[in-house]
file work15.cif (mmCIF, N, CA and C atoms and all ligand atoms)
data_start
#
loop_
_atom_site.label_atom_id
_atom_site.label_comp_id
_atom_site.auth_asym_id
_atom_site.auth_seq_id
_atom_site.Cartn_x
_atom_site.Cartn_y
_atom_site.Cartn_z
N MET A 1250 -21.18 101.05 164.94
CA MET A 1250 -19.99 100.27 164.58
C MET A 1250 -19.08 100.08 165.80
N GLU A 1251 -18.60 98.88 165.96
CA GLU A 1251 -17.74 98.61 167.12
C GLU A 1251 -16.35 99.21 166.92
N GLU A 1252 -15.86 99.86 167.96
CA GLU A 1252 -14.55 100.49 167.82
C GLU A 1252 -13.41 99.47 168.03
N VAL A 1253 -12.37 99.60 167.21
CA VAL A 1253 -11.23 98.69 167.33
C VAL A 1253 -10.36 99.11 168.51
N LYS A 1254 -9.97 98.14 169.32
CA LYS A 1254 -9.09 98.46 170.45
C LYS A 1254 -7.67 98.61 169.92
N ARG A 1255 -6.96 99.59 170.43
CA ARG A 1255 -5.59 99.85 169.99
C ARG A 1255 -4.61 99.58 171.12
N TYR A 1256 -3.50 98.95 170.78
CA TYR A 1256 -2.48 98.64 171.78
C TYR A 1256 -1.11 99.06 171.26
N THR A 1257 -0.22 99.37 172.19
CA THR A 1257 1.17 99.60 171.79
C THR A 1257 1.90 98.26 171.90
N ARG A 1258 3.07 98.17 171.25
CA ARG A 1258 3.86 96.94 171.35
C ARG A 1258 4.25 96.69 172.82
N ALA A 1259 4.48 97.78 173.58
CA ALA A 1259 4.85 97.64 174.99
C ALA A 1259 3.71 97.02 175.80
N GLU A 1260 2.47 97.41 175.48
CA GLU A 1260 1.32 96.84 176.20
C GLU A 1260 1.16 95.36 175.88
N VAL A 1261 1.41 95.01 174.62
CA VAL A 1261 1.30 93.59 174.23
C VAL A 1261 2.38 92.78 174.95
N ALA A 1262 3.57 93.35 175.04
CA ALA A 1262 4.72 92.63 175.62
C ALA A 1262 4.46 92.19 177.07
N VAL A 1263 3.64 92.95 177.79
CA VAL A 1263 3.32 92.61 179.19
C VAL A 1263 2.56 91.29 179.25
N ASN A 1264 1.77 91.01 178.22
CA ASN A 1264 0.94 89.80 178.21
C ASN A 1264 1.68 88.64 177.57
N ASN A 1265 2.68 88.18 178.32
CA ASN A 1265 3.60 87.17 177.79
C ASN A 1265 3.38 85.79 178.41
N GLY A 1266 2.23 85.61 179.03
CA GLY A 1266 1.90 84.30 179.59
C GLY A 1266 2.57 84.00 180.93
N LYS A 1267 3.42 84.92 181.40
CA LYS A 1267 4.11 84.66 182.67
C LYS A 1267 3.30 85.19 183.85
N GLY A 1268 3.39 84.47 184.97
CA GLY A 1268 2.71 84.90 186.19
C GLY A 1268 1.20 85.03 186.04
N GLY A 1269 0.62 84.13 185.25
CA GLY A 1269 -0.84 84.13 185.08
C GLY A 1269 -1.35 85.12 184.05
N LYS A 1270 -0.42 85.82 183.40
CA LYS A 1270 -0.83 86.77 182.35
C LYS A 1270 -1.32 86.02 181.11
N PRO A 1271 -2.23 86.62 180.34
CA PRO A 1271 -2.64 85.95 179.09
C PRO A 1271 -1.52 85.93 178.06
N VAL A 1272 -1.73 85.18 177.00
CA VAL A 1272 -0.71 85.08 175.94
C VAL A 1272 -1.20 85.85 174.72
N TRP A 1273 -0.59 87.02 174.50
CA TRP A 1273 -0.94 87.84 173.35
C TRP A 1273 0.17 87.76 172.31
N LEU A 1274 -0.24 87.88 171.06
CA LEU A 1274 0.73 87.88 169.96
C LEU A 1274 0.37 89.00 168.99
N ILE A 1275 1.37 89.47 168.27
CA ILE A 1275 1.11 90.42 167.18
C ILE A 1275 1.37 89.68 165.88
N TYR A 1276 0.41 89.75 164.96
CA TYR A 1276 0.63 89.22 163.62
C TYR A 1276 0.16 90.29 162.64
N LYS A 1277 1.07 90.77 161.82
CA LYS A 1277 0.79 91.84 160.85
C LYS A 1277 -0.05 92.96 161.45
N ASP A 1278 0.46 93.51 162.54
CA ASP A 1278 -0.12 94.70 163.20
C ASP A 1278 -1.44 94.46 163.93
N LYS A 1279 -1.91 93.21 163.91
CA LYS A 1279 -3.14 92.92 164.65
C LYS A 1279 -2.72 92.20 165.95
N VAL A 1280 -3.55 92.35 166.97
CA VAL A 1280 -3.22 91.77 168.27
C VAL A 1280 -4.18 90.61 168.57
N TYR A 1281 -3.61 89.50 169.00
CA TYR A 1281 -4.41 88.29 169.25
C TYR A 1281 -4.18 87.78 170.67
N ASP A 1282 -5.25 87.29 171.27
CA ASP A 1282 -5.14 86.63 172.57
C ASP A 1282 -5.32 85.13 172.31
N VAL A 1283 -4.21 84.39 172.37
CA VAL A 1283 -4.27 82.96 172.05
C VAL A 1283 -4.18 82.07 173.29
N THR A 1284 -4.43 82.67 174.46
CA THR A 1284 -4.33 81.93 175.72
C THR A 1284 -5.10 80.60 175.67
N ASN A 1285 -6.33 80.67 175.19
CA ASN A 1285 -7.17 79.47 175.19
C ASN A 1285 -6.83 78.51 174.05
N TYR A 1286 -6.02 78.99 173.10
CA TYR A 1286 -5.69 78.13 171.96
C TYR A 1286 -4.46 77.24 172.23
N LEU A 1287 -3.68 77.61 173.25
CA LEU A 1287 -2.41 76.90 173.51
C LEU A 1287 -2.57 75.39 173.54
N VAL A 1288 -3.60 74.91 174.26
CA VAL A 1288 -3.78 73.46 174.42
C VAL A 1288 -4.17 72.76 173.11
N GLU A 1289 -4.71 73.54 172.18
CA GLU A 1289 -5.15 72.94 170.91
C GLU A 1289 -4.07 72.98 169.84
N HIS A 1290 -3.01 73.76 170.07
CA HIS A 1290 -2.04 74.00 169.01
C HIS A 1290 -1.33 72.72 168.55
N PRO A 1291 -1.42 72.40 167.25
CA PRO A 1291 -0.79 71.16 166.76
C PRO A 1291 0.73 71.16 166.94
N GLY A 1292 1.31 72.34 167.04
CA GLY A 1292 2.78 72.42 167.22
C GLY A 1292 3.18 72.46 168.69
N GLY A 1293 2.21 72.29 169.60
CA GLY A 1293 2.51 72.32 171.05
C GLY A 1293 2.50 73.74 171.60
N ASP A 1294 2.38 73.86 172.92
CA ASP A 1294 2.30 75.20 173.51
C ASP A 1294 3.65 75.89 173.63
N ALA A 1295 4.73 75.11 173.71
CA ALA A 1295 6.05 75.70 173.97
C ALA A 1295 6.46 76.69 172.87
N VAL A 1296 6.20 76.35 171.62
CA VAL A 1296 6.62 77.25 170.53
C VAL A 1296 5.86 78.58 170.57
N ILE A 1297 4.61 78.53 171.00
CA ILE A 1297 3.86 79.77 171.09
C ILE A 1297 4.35 80.57 172.30
N MET A 1298 4.61 79.88 173.40
CA MET A 1298 5.09 80.57 174.60
C MET A 1298 6.40 81.32 174.34
N GLU A 1299 7.22 80.76 173.45
CA GLU A 1299 8.48 81.44 173.12
C GLU A 1299 8.24 82.79 172.46
N GLU A 1300 7.12 82.92 171.79
CA GLU A 1300 6.80 84.16 171.07
C GLU A 1300 5.84 85.04 171.84
N ALA A 1301 5.35 84.57 172.98
CA ALA A 1301 4.32 85.30 173.73
C ALA A 1301 4.71 86.75 173.99
N GLY A 1302 3.79 87.64 173.70
CA GLY A 1302 4.01 89.07 173.92
C GLY A 1302 4.77 89.76 172.79
N THR A 1303 5.15 89.02 171.77
CA THR A 1303 5.98 89.61 170.70
C THR A 1303 5.26 89.61 169.35
N ASP A 1304 5.95 90.15 168.37
CA ASP A 1304 5.46 90.14 166.99
C ASP A 1304 5.92 88.83 166.36
N CYS A 1305 4.96 87.92 166.13
CA CYS A 1305 5.32 86.58 165.66
C CYS A 1305 5.11 86.45 164.15
N THR A 1306 4.99 87.57 163.43
CA THR A 1306 4.63 87.51 162.01
C THR A 1306 5.54 86.56 161.23
N GLU A 1307 6.86 86.72 161.41
CA GLU A 1307 7.75 85.87 160.61
C GLU A 1307 7.70 84.42 161.05
N ALA A 1308 7.69 84.19 162.36
CA ALA A 1308 7.63 82.81 162.88
C ALA A 1308 6.34 82.14 162.40
N PHE A 1309 5.26 82.89 162.40
CA PHE A 1309 3.97 82.33 162.01
C PHE A 1309 3.96 81.99 160.52
N ASP A 1310 4.40 82.93 159.70
CA ASP A 1310 4.37 82.71 158.24
C ASP A 1310 5.27 81.56 157.82
N SER A 1311 6.32 81.30 158.55
CA SER A 1311 7.24 80.24 158.13
C SER A 1311 6.72 78.85 158.46
N GLU A 1312 5.66 78.75 159.28
CA GLU A 1312 5.22 77.42 159.75
C GLU A 1312 3.80 77.04 159.34
N HIS A 1313 3.03 78.01 158.82
CA HIS A 1313 1.59 77.75 158.77
C HIS A 1313 0.90 77.82 157.41
N SER A 1314 -0.25 77.12 157.38
CA SER A 1314 -1.11 77.10 156.20
C SER A 1314 -2.12 78.25 156.29
N LYS A 1315 -2.91 78.39 155.23
CA LYS A 1315 -3.98 79.40 155.22
C LYS A 1315 -5.01 79.08 156.30
N GLU A 1316 -5.22 77.80 156.56
CA GLU A 1316 -6.22 77.40 157.58
C GLU A 1316 -5.81 77.94 158.95
N ALA A 1317 -4.49 77.89 159.21
CA ALA A 1317 -4.01 78.37 160.51
C ALA A 1317 -4.29 79.87 160.63
N LEU A 1318 -4.15 80.58 159.51
CA LEU A 1318 -4.40 82.01 159.50
C LEU A 1318 -5.87 82.30 159.78
N THR A 1319 -6.74 81.48 159.21
CA THR A 1319 -8.18 81.64 159.46
C THR A 1319 -8.48 81.43 160.94
N LEU A 1320 -7.84 80.40 161.52
CA LEU A 1320 -8.01 80.12 162.95
C LEU A 1320 -7.58 81.32 163.80
N LEU A 1321 -6.44 81.88 163.39
CA LEU A 1321 -5.87 83.00 164.15
C LEU A 1321 -6.85 84.17 164.22
N THR A 1322 -7.54 84.46 163.11
CA THR A 1322 -8.45 85.62 163.09
C THR A 1322 -9.52 85.54 164.18
N LYS A 1323 -9.84 84.32 164.59
CA LYS A 1323 -10.88 84.16 165.62
C LYS A 1323 -10.43 84.67 166.99
N HIS A 1324 -9.13 84.86 167.13
CA HIS A 1324 -8.60 85.27 168.44
C HIS A 1324 -8.24 86.75 168.48
N LYS A 1325 -8.62 87.49 167.47
CA LYS A 1325 -8.24 88.90 167.40
C LYS A 1325 -8.89 89.72 168.51
N ILE A 1326 -8.10 90.56 169.17
CA ILE A 1326 -8.66 91.44 170.21
C ILE A 1326 -8.44 92.92 169.88
N GLY A 1327 -7.64 93.21 168.88
CA GLY A 1327 -7.42 94.61 168.53
C GLY A 1327 -6.30 94.77 167.53
N GLU A 1328 -5.80 96.00 167.46
CA GLU A 1328 -4.72 96.31 166.51
C GLU A 1328 -3.69 97.18 167.20
N LEU A 1329 -2.53 97.28 166.58
CA LEU A 1329 -1.52 98.19 167.10
C LEU A 1329 -1.95 99.62 166.83
N VAL A 1330 -1.43 100.54 167.63
CA VAL A 1330 -1.66 101.96 167.36
C VAL A 1330 -1.01 102.27 166.01
N GLU A 1331 -1.60 103.22 165.28
CA GLU A 1331 -1.16 103.52 163.90
C GLU A 1331 0.35 103.71 163.79
N GLU A 1332 0.93 104.48 164.71
CA GLU A 1332 2.34 104.82 164.56
C GLU A 1332 3.29 103.63 164.77
N GLU A 1333 2.76 102.51 165.27
CA GLU A 1333 3.64 101.34 165.46
C GLU A 1333 3.37 100.26 164.42
N LYS A 1334 2.50 100.55 163.46
CA LYS A 1334 2.19 99.55 162.45
C LYS A 1334 3.33 99.40 161.44
N ARG A 1335 3.50 98.18 160.93
CA ARG A 1335 4.57 97.93 159.97
C ARG A 1335 4.06 97.49 158.60
N TYR A 1336 2.74 97.32 158.50
CA TYR A 1336 2.15 96.83 157.25
C TYR A 1336 1.13 97.83 156.74
N ASP A 1337 0.98 97.93 155.41
CA ASP A 1337 -0.04 98.82 154.87
C ASP A 1337 -1.38 98.09 154.82
N GLU A 1338 -2.40 98.76 154.30
CA GLU A 1338 -3.75 98.17 154.31
C GLU A 1338 -3.87 96.91 153.44
N ASN A 1339 -2.89 96.67 152.55
CA ASN A 1339 -2.92 95.46 151.73
C ASN A 1339 -2.09 94.32 152.34
N GLY A 1340 -1.61 94.53 153.54
CA GLY A 1340 -0.82 93.49 154.20
C GLY A 1340 0.63 93.44 153.73
N LYS A 1341 1.05 94.48 152.99
CA LYS A 1341 2.44 94.54 152.50
C LYS A 1341 3.28 95.32 153.51
N LYS A 1342 4.52 94.88 153.66
CA LYS A 1342 5.38 95.54 154.63
C LYS A 1342 5.69 96.98 154.19
N LYS A 1343 5.48 97.93 155.11
CA LYS A 1343 5.76 99.33 154.78
C LYS A 1343 7.26 99.53 154.73
N LYS A 1344 7.67 100.65 154.12
CA LYS A 1344 9.09 100.98 154.14
C LYS A 1344 9.48 101.24 155.59
N ARG A 1345 10.74 101.00 155.90
CA ARG A 1345 11.19 101.10 157.27
C ARG A 1345 10.96 102.50 157.86
N VAL A 1346 10.43 102.52 159.08
CA VAL A 1346 10.22 103.81 159.75
C VAL A 1346 11.54 104.22 160.37
N ILE A 1347 12.01 105.42 160.01
CA ILE A 1347 13.33 105.84 160.48
C ILE A 1347 13.25 106.42 161.89
N SER A 1348 12.25 107.27 162.09
CA SER A 1348 12.17 107.91 163.39
C SER A 1348 10.85 107.58 164.06
N ALA A 1349 10.90 107.21 165.31
CA ALA A 1349 9.68 106.91 166.05
C ALA A 1349 9.52 107.96 167.13
N ALA A 1350 9.42 109.21 166.71
CA ALA A 1350 9.28 110.29 167.69
C ALA A 1350 7.92 110.20 168.36
N PRO A 1351 7.83 110.54 169.64
CA PRO A 1351 6.56 110.44 170.35
C PRO A 1351 5.54 111.43 169.78
N ASP A 1352 4.26 111.17 170.06
CA ASP A 1352 3.20 112.08 169.63
C ASP A 1352 3.37 113.43 170.31
N GLY A 1353 2.83 114.45 169.71
CA GLY A 1353 2.90 115.75 170.34
C GLY A 1353 3.31 116.79 169.33
N PRO A 1354 3.27 118.05 169.75
CA PRO A 1354 3.53 119.14 168.81
C PRO A 1354 4.93 119.10 168.21
N SER A 1355 5.88 118.48 168.91
CA SER A 1355 7.26 118.49 168.41
C SER A 1355 7.52 117.40 167.39
N ARG A 1356 6.50 116.54 167.11
CA ARG A 1356 6.74 115.35 166.31
C ARG A 1356 7.28 115.63 164.91
N SER A 1357 6.59 116.52 164.13
CA SER A 1357 7.03 116.74 162.76
C SER A 1357 8.40 117.39 162.77
N CYS A 1358 8.62 118.23 163.76
CA CYS A 1358 9.90 118.90 163.89
C CYS A 1358 11.00 117.86 164.13
N MET A 1359 10.71 116.92 165.05
CA MET A 1359 11.67 115.85 165.36
C MET A 1359 11.98 115.03 164.13
N SER A 1360 10.94 114.71 163.33
CA SER A 1360 11.15 113.89 162.15
C SER A 1360 12.07 114.60 161.18
N ARG A 1361 11.83 115.91 161.04
CA ARG A 1361 12.66 116.66 160.10
C ARG A 1361 14.11 116.66 160.55
N ILE A 1362 14.30 116.81 161.85
CA ILE A 1362 15.68 116.83 162.37
C ILE A 1362 16.32 115.47 162.12
N THR A 1363 15.57 114.38 162.46
CA THR A 1363 16.12 113.03 162.31
C THR A 1363 16.48 112.76 160.86
N CYS A 1364 15.54 113.09 159.94
CA CYS A 1364 15.78 112.81 158.53
C CYS A 1364 16.96 113.65 158.05
N GLY A 1365 17.02 114.87 158.51
CA GLY A 1365 18.11 115.75 158.12
C GLY A 1365 19.45 115.17 158.53
N LEU A 1366 19.48 114.60 159.72
CA LEU A 1366 20.75 114.06 160.24
C LEU A 1366 21.23 112.85 159.47
N ILE A 1367 20.27 111.99 159.06
CA ILE A 1367 20.73 110.76 158.42
C ILE A 1367 20.63 110.81 156.90
N GLY A 1368 20.32 111.93 156.43
CA GLY A 1368 20.45 112.06 154.99
C GLY A 1368 19.15 112.31 154.29
C1 LIG B 1401 3.42 82.33 167.26
C2 LIG B 1401 4.06 81.32 167.32
C3 LIG B 1401 3.76 80.02 166.66
C4 LIG B 1401 4.71 79.15 166.25
C5 LIG B 1401 6.20 79.33 166.36
C6 LIG B 1401 4.03 77.98 165.70
C7 LIG B 1401 4.64 76.88 165.21
C8 LIG B 1401 4.02 75.80 164.64
C9 LIG B 1401 4.67 74.60 164.18
C10 LIG B 1401 6.17 74.33 164.29
C11 LIG B 1401 3.73 73.81 163.65
C12 LIG B 1401 3.97 72.45 162.99
C13 LIG B 1401 3.61 71.33 163.91
C14 LIG B 1401 3.87 69.96 163.32
O1 LIG B 1401 3.80 69.82 162.08
O2 LIG B 1401 4.16 69.06 164.08
C15 LIG B 1401 2.46 74.47 163.78
C16 LIG B 1401 1.26 73.98 163.33
C17 LIG B 1401 0.06 74.63 163.40
N1 LIG B 1401 -0.17 75.82 164.05
FE1 LIG B 1401 1.22 77.00 164.89
N2 LIG B 1401 2.68 78.19 165.76
C18 LIG B 1401 2.47 79.42 166.35
C19 LIG B 1401 1.24 79.99 166.60
C20 LIG B 1401 0.03 79.51 166.15
C21 LIG B 1401 -1.24 80.16 166.34
C22 LIG B 1401 -1.42 81.47 167.13
C23 LIG B 1401 -2.19 79.42 165.69
C24 LIG B 1401 -3.67 79.63 165.55
C25 LIG B 1401 -4.41 80.36 166.34
C26 LIG B 1401 -1.52 78.26 165.11
C27 LIG B 1401 -2.11 77.27 164.39
C28 LIG B 1401 -1.50 76.14 163.88
C29 LIG B 1401 -2.14 75.11 163.08
C30 LIG B 1401 -3.60 75.09 162.68
C31 LIG B 1401 -1.17 74.17 162.77
C32 LIG B 1401 -1.34 72.89 161.92
C33 LIG B 1401 -0.68 73.07 160.58
C34 LIG B 1401 -1.31 74.17 159.74
O3 LIG B 1401 -2.55 74.14 159.50
O4 LIG B 1401 -0.58 75.08 159.33
N3 LIG B 1401 -0.17 78.35 165.41
N4 LIG B 1401 2.65 75.69 164.39
#
call {"tool": "encode", "arguments": {"input": "work15.cif", "output": "structure tokens"}}
result
Amino acid sequence: MEEVKRYTRAEVAVNNGKGGKPVWLIYKDKVYDVTNYLVEHPGGDAVIMEEAGTDCTEAFDSEHSKEALTLLTKHKIGELVEEEKRYDENGKKKKRVISAAPDGPSRSCMSRITCGLIG
């Protein structure tokens, strides 16, 4: 089985189409490289460039048909790392993550402190 590549939002942000970098987008926690699609986009390349390197989920959903979504899947290159995901396995938005403590032995401890502080 092929392993899924995982990226952080920071890694995706670097690929913003500037200085010869590719154009990556995040849509519902999946990462897409749409560099080669820019010239074909019916809405023009400028609107995609504005979102390059970012999470375009809302911008995408507000403008597109199911066909566009099917097209998008062809450009998938990976997914976000688990701790940065915002959607559950059914594509529904998860409840807001309060604390984004880094990985490591102190993580659960940090979460408890954060939750304790804010209620
Ligand atoms: C992420 C930022 C994006 C924005 C803001 C955006 C915006 C738009 C807009 C405004 C239109 C309407 C054009 C018109 O009617 O003149 C459009 C159409 C379209 N876009 Fe995008 N687009 C984005 C990304 C993408 C991507 C990544 C794909 C596919 C890989 C895509 C596929 C399409 C298709 C197929 C249409 C034709 C209408 C439809 O089938 O929904 N777009 N887009």
call {"tool": "closest_residue", "arguments": {"input": "work15.cif", "among": "A:Glu1251, A:Asp1278, A:Glu1260, A:Glu1299", "to": "ligand LIG 1401 (chain B)", "atoms": "only N, CA and C atoms and all ligand atoms"}}
result
A:Glu1299
call {"tool": "residues_around", "arguments": {"input": "work15.cif", "residues": "region 1279-1283 of chain A", "least_positions_apart": "6", "cutoff": "6 Å", "atoms": "only C-alpha atoms", "output": "tab-separated table (two decimals) with N, CA and C atoms, in the coordinates of the input"}}
result
chain	number	residue	atom	x	y	z
A	1272	VAL	N	-1.73	85.18	177.00
A	1272	VAL	CA	-0.71	85.08	175.94
A	1272	VAL	C	-1.20	85.85	174.72
A	1273	TRP	N	-0.59	87.02	174.50
A	1273	TRP	CA	-0.94	87.84	173.35
A	1273	TRP	C	0.17	87.76	172.31
A	1324	HIS	N	-9.13	84.86	167.13
A	1324	HIS	CA	-8.60	85.27	168.44
A	1324	HIS	C	-8.24	86.75	168.48
A	1325	LYS	N	-8.62	87.49	167.47
A	1325	LYS	CA	-8.24	88.90	167.40
A	1325	LYS	C	-8.89	89.72	168.51
A	1326	ILE	N	-8.10	90.56	169.17
A	1326	ILE	CA	-8.66	91.44	170.21
A	1326	ILE	C	-8.44	92.92	169.88
A	1327	GLY	N	-7.64	93.21	168.88
A	1327	GLY	CA	-7.42	94.61	168.53
A	1327	GLY	C	-6.30	94.77	167.53
A	1328	GLU	N	-5.80	96.00	167.46
A	1328	GLU	CA	-4.72	96.31	166.51
A	1328	GLU	C	-3.69	97.18	167.20
call {"tool": "closest_residue", "arguments": {"input": "work15.cif", "among": "A:Glu1316, A:Asp1294, A:Asp1337, A:Glu1252", "to": "ligand LIG 1401 (chain B)", "atoms": "all atoms listed in the file"}}
result
A:Glu1316
call {"tool": "closest_atom_pairs", "arguments": {"input": "work15.cif", "of": "chain A", "to": "ligand LIG 1401 (chain B)", "cutoff": "9 Å", "atoms": "only C-alpha atoms and all ligand atoms", "output": "Markdown table"}}
result
| residue | atom | partner | partner_atom | distance |
| --- | --- | --- | --- | --- |
| A:Trp1273 | CA | B:LIG1401 | C22 | 8.9 |
| A:Leu1274 | CA | B:LIG1401 | C1 | 6.7 |
| A:Ile1275 | CA | B:LIG1401 | C1 | 8.4 |
| A:Tyr1276 | CA | B:LIG1401 | C1 | 8.3 |
| A:Tyr1281 | CA | B:LIG1401 | C22 | 7.7 |
| A:Asp1282 | CA | B:LIG1401 | C22 | 8.4 |
| A:Val1283 | CA | B:LIG1401 | C22 | 5.9 |
| A:Tyr1286 | CA | B:LIG1401 | C25 | 6.2 |
| A:Leu1287 | CA | B:LIG1401 | C22 | 7.9 |
| A:Glu1289 | CA | B:LIG1401 | C27 | 8.4 |
| A:His1290 | CA | B:LIG1401 | C28 | 5.6 |
| A:Pro1291 | CA | B:LIG1401 | C16 | 4.9 |
| A:Gly1292 | CA | B:LIG1401 | C13 | 3.6 |
| A:Gly1293 | CA | B:LIG1401 | C13 | 7.3 |
| A:Asp1294 | CA | B:LIG1401 | C18 | 8.3 |
| A:Ala1295 | CA | B:LIG1401 | C5 | 8.4 |
| A:Val1296 | CA | B:LIG1401 | C5 | 4.7 |
| A:Ile1297 | CA | B:LIG1401 | C2 | 4.1 |
| A:Met1298 | CA | B:LIG1401 | C2 | 7.4 |
| A:Glu1299 | CA | B:LIG1401 | C2 | 7.3 |
| A:Glu1300 | CA | B:LIG1401 | C1 | 5.4 |
| A:Ala1301 | CA | B:LIG1401 | C1 | 7.2 |
| A:Thr1303 | CA | B:LIG1401 | C1 | 8.4 |
| A:Asp1304 | CA | B:LIG1401 | C1 | 8.1 |
| A:Cys1305 | CA | B:LIG1401 | C1 | 4.9 |
| A:Thr1306 | CA | B:LIG1401 | C1 | 7.5 |
| A:Glu1307 | CA | B:LIG1401 | C1 | 8.7 |
| A:Ala1308 | CA | B:LIG1401 | C5 | 5.1 |
| A:Phe1309 | CA | B:LIG1401 | C3 | 5.2 |
| A:Asp1310 | CA | B:LIG1401 | C4 | 8.8 |
| A:Ser1311 | CA | B:LIG1401 | C7 | 8.3 |
| A:Glu1312 | CA | B:LIG1401 | C9 | 5.3 |
| A:His1313 | CA | B:LIG1401 | O4 | 3.5 |
| A:Ser1314 | CA | B:LIG1401 | O4 | 3.8 |
| A:Lys1315 | CA | B:LIG1401 | O4 | 6.9 |
| A:Glu1316 | CA | B:LIG1401 | O3 | 5.3 |
| A:Ala1317 | CA | B:LIG1401 | C30 | 4.0 |
| A:Leu1318 | CA | B:LIG1401 | C24 | 6.5 |
| A:Thr1319 | CA | B:LIG1401 | C24 | 7.8 |
| A:Leu1320 | CA | B:LIG1401 | C25 | 5.0 |
| A:Leu1321 | CA | B:LIG1401 | C25 | 3.7 |
| A:Thr1322 | CA | B:LIG1401 | C25 | 7.4 |
| A:Lys1323 | CA | B:LIG1401 | C25 | 7.5 |
| A:His1324 | CA | B:LIG1401 | C25 | 6.8 |
call {"tool": "atom_distance", "arguments": {"input": "work15.cif", "atom1": "CA of Val1253 (chain A)", "atom2": "CA of Val1288 (chain A)"}}
result
27.2 Å
call {"tool": "atom_distance", "arguments": {"input": "work15.cif", "atom1": "atom N of Asn1264 (chain A)", "atom2": "CA of Lys1334 (chain A)"}}
result
17.9 Å
call {"tool": "closest_residue", "arguments": {"input": "work15.cif", "among": "A:Glu1333, A:Lys1277, A:Pro1271, A:Thr1284", "to": "Thr1257 (chain A)", "atoms": "all atoms listed in the file"}}
result
A:Glu1333
call {"tool": "atom_distance", "arguments": {"input": "work15.cif", "atom1": "atom C of Arg1255 (chain A)", "atom2": "atom N of Lys1270 (chain A)"}}
result
18.9 Å
call {"tool": "closest_residue", "arguments": {"input": "work15.cif", "among": "A:Glu1331, A:Arg1345, A:Gly1302, A:Glu1338", "to": "Asn1265 (chain A)", "atoms": "only C-alpha atoms"}}
result
A:Gly1302
call {"tool": "axis_aligned_box", "arguments": {"input": "work15.cif", "around": "region 1304-1314 of chain A", "padding_each_side": "5 Å", "output": "AutoDock Vina command-line options"}}
result
--center_x 2.8 --center_y 83.6 --center_z 162.3 --size_x 19.9 --size_y 23.1 --size_z 22.2
